[in-house]
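Reading through the structure tokens given below for one structure.
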Amino acid sequence: MSARIIVPLTITDANLLEAGTTIPEDDAPAWDAGTTYDTGDEVIKDHVIYRSLGDANLDNDPVTDEGTNWFKGLATNRWKAFDGYLQDAASQADSMAWQIETADIINGVALLAVEAATVRVVLENDTDGTVYDETYELADESHITDYDLWFFSPQIRANDFAVTDLPPYPGKVTVTLTDTGNTVKLGQLSLGPEIELGITLNGFGQDLEIFSEKTTDQFGRVSA
């Protein structure tokens, strides 16, 4: 078994495409410098939701306010998949998709804290067209060790999933999660160049060791 990492791209307005992204950014109205806001009014600025802390709140930019007039809340539902917090998941009924275009090489996609039945990954290149289009079932069968478990054990789904065999092209990547009749969720979506670190030794085990100091914010999100 080889150890691999995906070096994640920074997702910006320039490369998250409206055309293939199915999560609307309608959590609140966009902030307007000419609008007067009252206590509790919510707005969106730079893909984050802010709540007004008082009445007659006029021409106070939420991003530079530093907490005097605005309370900084969570990322919008569309952008929760890129905010760096697994506990703050994007969610939508039935399905949701993100489409990202970049001039950088992409050959790895990782989904963390995912709740869905299937994931489809499509990579399109301007010169060669569609160079990758695969749909994966997220059923986790690692616990199946005999026929009894195969037929009678409850279905278990993978919470994390990675694709590391995309052809090394720049272009347009569309990731679609589907679970018809249920709510689909995703903590984080990372994509970028995949690097093989080396081959693991026989008997290699998996474990988690954290040497950094963790903090929890007012939303219960953990960061290091």
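All residue names refer to the structure tokens as shown: chains lettered A, B, ... in order, residues numbered from 1 in each chain, ligands numbered from 1 in order.
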
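Once Pro168 (chain A) and its same-chain neighbours fewer than 5 positions away are set aside, Asp104, Ile105, Ile106, Asn107, Gly108, Leu123, Val131, Gly192, Pro193 and Glu194 of chain A remain within 10 Å of it when counting only C-alpha atoms.
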
How would the residues just chosen look if you wrote them out with N, CA and C atoms as a short mmCIF file (atom, residue, chain, number, x, y, z; two decimals), in the first residue's frame?
```cif
data_model
loop_
_atom_site.label_atom_id
_atom_site.label_comp_id
_atom_site.auth_asym_id
_atom_site.auth_seq_id
_atom_site.Cartn_x
_atom_site.Cartn_y
_atom_site.Cartn_z
N ASP A 104 -4.41 24.56 -12.96
CA ASP A 104 -3.47 23.66 -12.30
C ASP A 104 -3.83 22.20 -12.58
N ILE A 105 -2.86 21.33 -12.45
CA ILE A 105 -3.08 19.90 -12.62
C ILE A 105 -3.91 19.38 -11.44
N ILE A 106 -4.95 18.61 -11.76
CA ILE A 106 -5.78 17.97 -10.74
C ILE A 106 -5.80 16.47 -11.02
N ASN A 107 -5.33 15.66 -10.09
CA ASN A 107 -5.49 14.22 -10.26
C ASN A 107 -5.94 13.53 -8.97
N GLY A 108 -6.37 14.33 -7.99
CA GLY A 108 -6.89 13.76 -6.75
C GLY A 108 -8.05 14.57 -6.22
N LEU A 123 -14.03 15.06 -14.98
CA LEU A 123 -12.96 15.99 -15.32
C LEU A 123 -13.02 16.27 -16.82
N VAL A 131 -12.27 13.65 -19.90
CA VAL A 131 -11.18 12.69 -19.77
C VAL A 131 -11.38 11.76 -18.58
N GLY A 192 -6.81 18.58 -6.00
CA GLY A 192 -5.55 19.15 -6.44
C GLY A 192 -4.59 18.07 -6.88
N PRO A 193 -3.31 18.39 -6.99
CA PRO A 193 -2.32 17.38 -7.39
C PRO A 193 -2.12 16.35 -6.27
N GLU A 194 -2.05 15.09 -6.66
CA GLU A 194 -1.87 13.99 -5.71
C GLU A 194 -0.41 13.56 -5.76
#
```

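Within region 148-193 of chain A, DSSP run on the backbone puts these residues in helix (DSSP H, G or I): Asp148, Leu149, Trp150, Phe151 and Phe152 of chain A.
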
For those residues, write N, CA and C atoms to a file as an mmCIF file, in the first residue's frame.
```
data_model
loop_
_atom_site.group_PDB
_atom_site.id
_atom_site.type_symbol
_atom_site.label_atom_id
_atom_site.label_comp_id
_atom_site.auth_asym_id
_atom_site.auth_seq_id
_atom_site.Cartn_x
_atom_site.Cartn_y
_atom_site.Cartn_z
ATOM 1 N N ASP A 148 -22.915 -14.592 5.916
ATOM 2 C CA ASP A 148 -23.957 -14.121 6.821
ATOM 3 C C ASP A 148 -23.954 -12.597 6.900
ATOM 4 N N LEU A 149 -22.775 -11.996 7.032
ATOM 5 C CA LEU A 149 -22.680 -10.545 7.078
ATOM 6 C C LEU A 149 -23.062 -9.924 5.737
ATOM 7 N N TRP A 150 -22.716 -10.622 4.644
ATOM 8 C CA TRP A 150 -23.042 -10.100 3.314
ATOM 9 C C TRP A 150 -24.549 -9.953 3.136
ATOM 10 N N PHE A 151 -25.314 -10.930 3.595
ATOM 11 C CA PHE A 151 -26.753 -10.914 3.364
ATOM 12 C C PHE A 151 -27.542 -10.195 4.457
ATOM 13 N N PHE A 152 -27.043 -10.165 5.680
ATOM 14 C CA PHE A 152 -27.880 -9.716 6.786
ATOM 15 C C PHE A 152 -27.343 -8.503 7.554
#
```

So which residues touch region 60-75 of chain A within 8 Å, counting only C-alpha atoms, skipping near sequence neighbours fewer than 4 positions away, as a PyMOL selection string?
chain A and resi 33+45-54+79-80+83+88

Write the selection just made, keeping C-alpha atoms, as a PDB file, in the first residue's frame?
```pdb
ATOM      1  CA  ALA A  33     -23.638  49.685   2.024  1.00  0.00           C
ATOM      2  CA  LYS A  45     -20.328  39.185   2.622  1.00  0.00           C
ATOM      3  CA  ASP A  46     -17.435  37.169   1.146  1.00  0.00           C
ATOM      4  CA  HIS A  47     -19.507  33.956   1.498  1.00  0.00           C
ATOM      5  CA  VAL A  48     -19.948  34.361   5.258  1.00  0.00           C
ATOM      6  CA  ILE A  49     -23.222  35.140   7.069  1.00  0.00           C
ATOM      7  CA  TYR A  50     -23.177  38.148   9.423  1.00  0.00           C
ATOM      8  CA  ARG A  51     -25.902  39.195  11.906  1.00  0.00           C
ATOM      9  CA  SER A  52     -26.513  42.827  12.849  1.00  0.00           C
ATOM     10  CA  LEU A  53     -25.899  43.594  16.532  1.00  0.00           C
ATOM     11  CA  GLY A  54     -27.948  46.798  16.646  1.00  0.00           C
ATOM     12  CA  TRP A  79     -19.017  27.492   0.665  1.00  0.00           C
ATOM     13  CA  LYS A  80     -19.090  25.304   3.800  1.00  0.00           C
ATOM     14  CA  ASP A  83     -14.252  26.643   5.058  1.00  0.00           C
ATOM     15  CA  ASP A  88     -19.816  22.670   9.585  1.00  0.00           C
TER      16      ASP A  88
END
```

With a distance cut-off of 9 Å and only C-alpha atoms, select the neighbouring residues of region 90-93 of chain A, excluding the residue or stretch itself and same-chain residues fewer than 2 positions from it, and output the selection as a PyMOL selection string.
chain A and resi 23+76-81+88+95-96+178-188

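If you measure from each of A:Ala19, A:Leu201, A:Ala14, A:Ile6 to Ala110 (chain A) using only C-alpha atoms, the closest one turns out to be A:Ile6.
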
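CA of Asp133 (chain A) sits 19.6 Å away from CA of Val114 (chain A).
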
Distance query Ala158 (chain A) at most 8 Å, only C-alpha atoms, self and fewer than 6 positions along chain excluded, as a PDB file with N, CA and C atoms, in the first residue's frame:
```pdb
ATOM      1  N   VAL A 114     -18.543  12.903   4.594  1.00  0.00           N
ATOM      2  CA  VAL A 114     -19.565  12.860   3.549  1.00  0.00           C
ATOM      3  C   VAL A 114     -20.704  11.925   3.951  1.00  0.00           C
ATOM      4  N   GLU A 115     -21.930  12.327   3.632  1.00  0.00           N
ATOM      5  CA  GLU A 115     -23.113  11.497   3.811  1.00  0.00           C
ATOM      6  C   GLU A 115     -23.879  11.493   2.489  1.00  0.00           C
ATOM      7  N   LEU A 138     -20.880   4.612  -2.280  1.00  0.00           N
ATOM      8  CA  LEU A 138     -20.182   4.882  -1.028  1.00  0.00           C
ATOM      9  C   LEU A 138     -20.454   3.830   0.037  1.00  0.00           C
ATOM     10  N   ALA A 139     -20.933   2.663  -0.367  1.00  0.00           N
ATOM     11  CA  ALA A 139     -21.129   1.560   0.577  1.00  0.00           C
ATOM     12  C   ALA A 139     -19.772   1.079   1.069  1.00  0.00           C
ATOM     13  N   ASP A 140     -19.642   0.928   2.384  1.00  0.00           N
ATOM     14  CA  ASP A 140     -18.404   0.448   2.997  1.00  0.00           C
ATOM     15  C   ASP A 140     -18.580  -1.031   3.327  1.00  0.00           C
TER      16      ASP A 140
END
```

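When only C-alpha atoms are used to measure the gap to Glu196 (chain A), the shortest distance among A:Leu166, A:Ile5, A:Ala89, A:Leu177 belongs to A:Ile5.
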
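Between CA of Pro24 (chain A) and CA of Tyr37 (chain A) there is a distance of 23.2 Å.
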
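From CA of Thr216 (chain A) back to CA of Leu86 (chain A), the distance works out to 12.4 Å.
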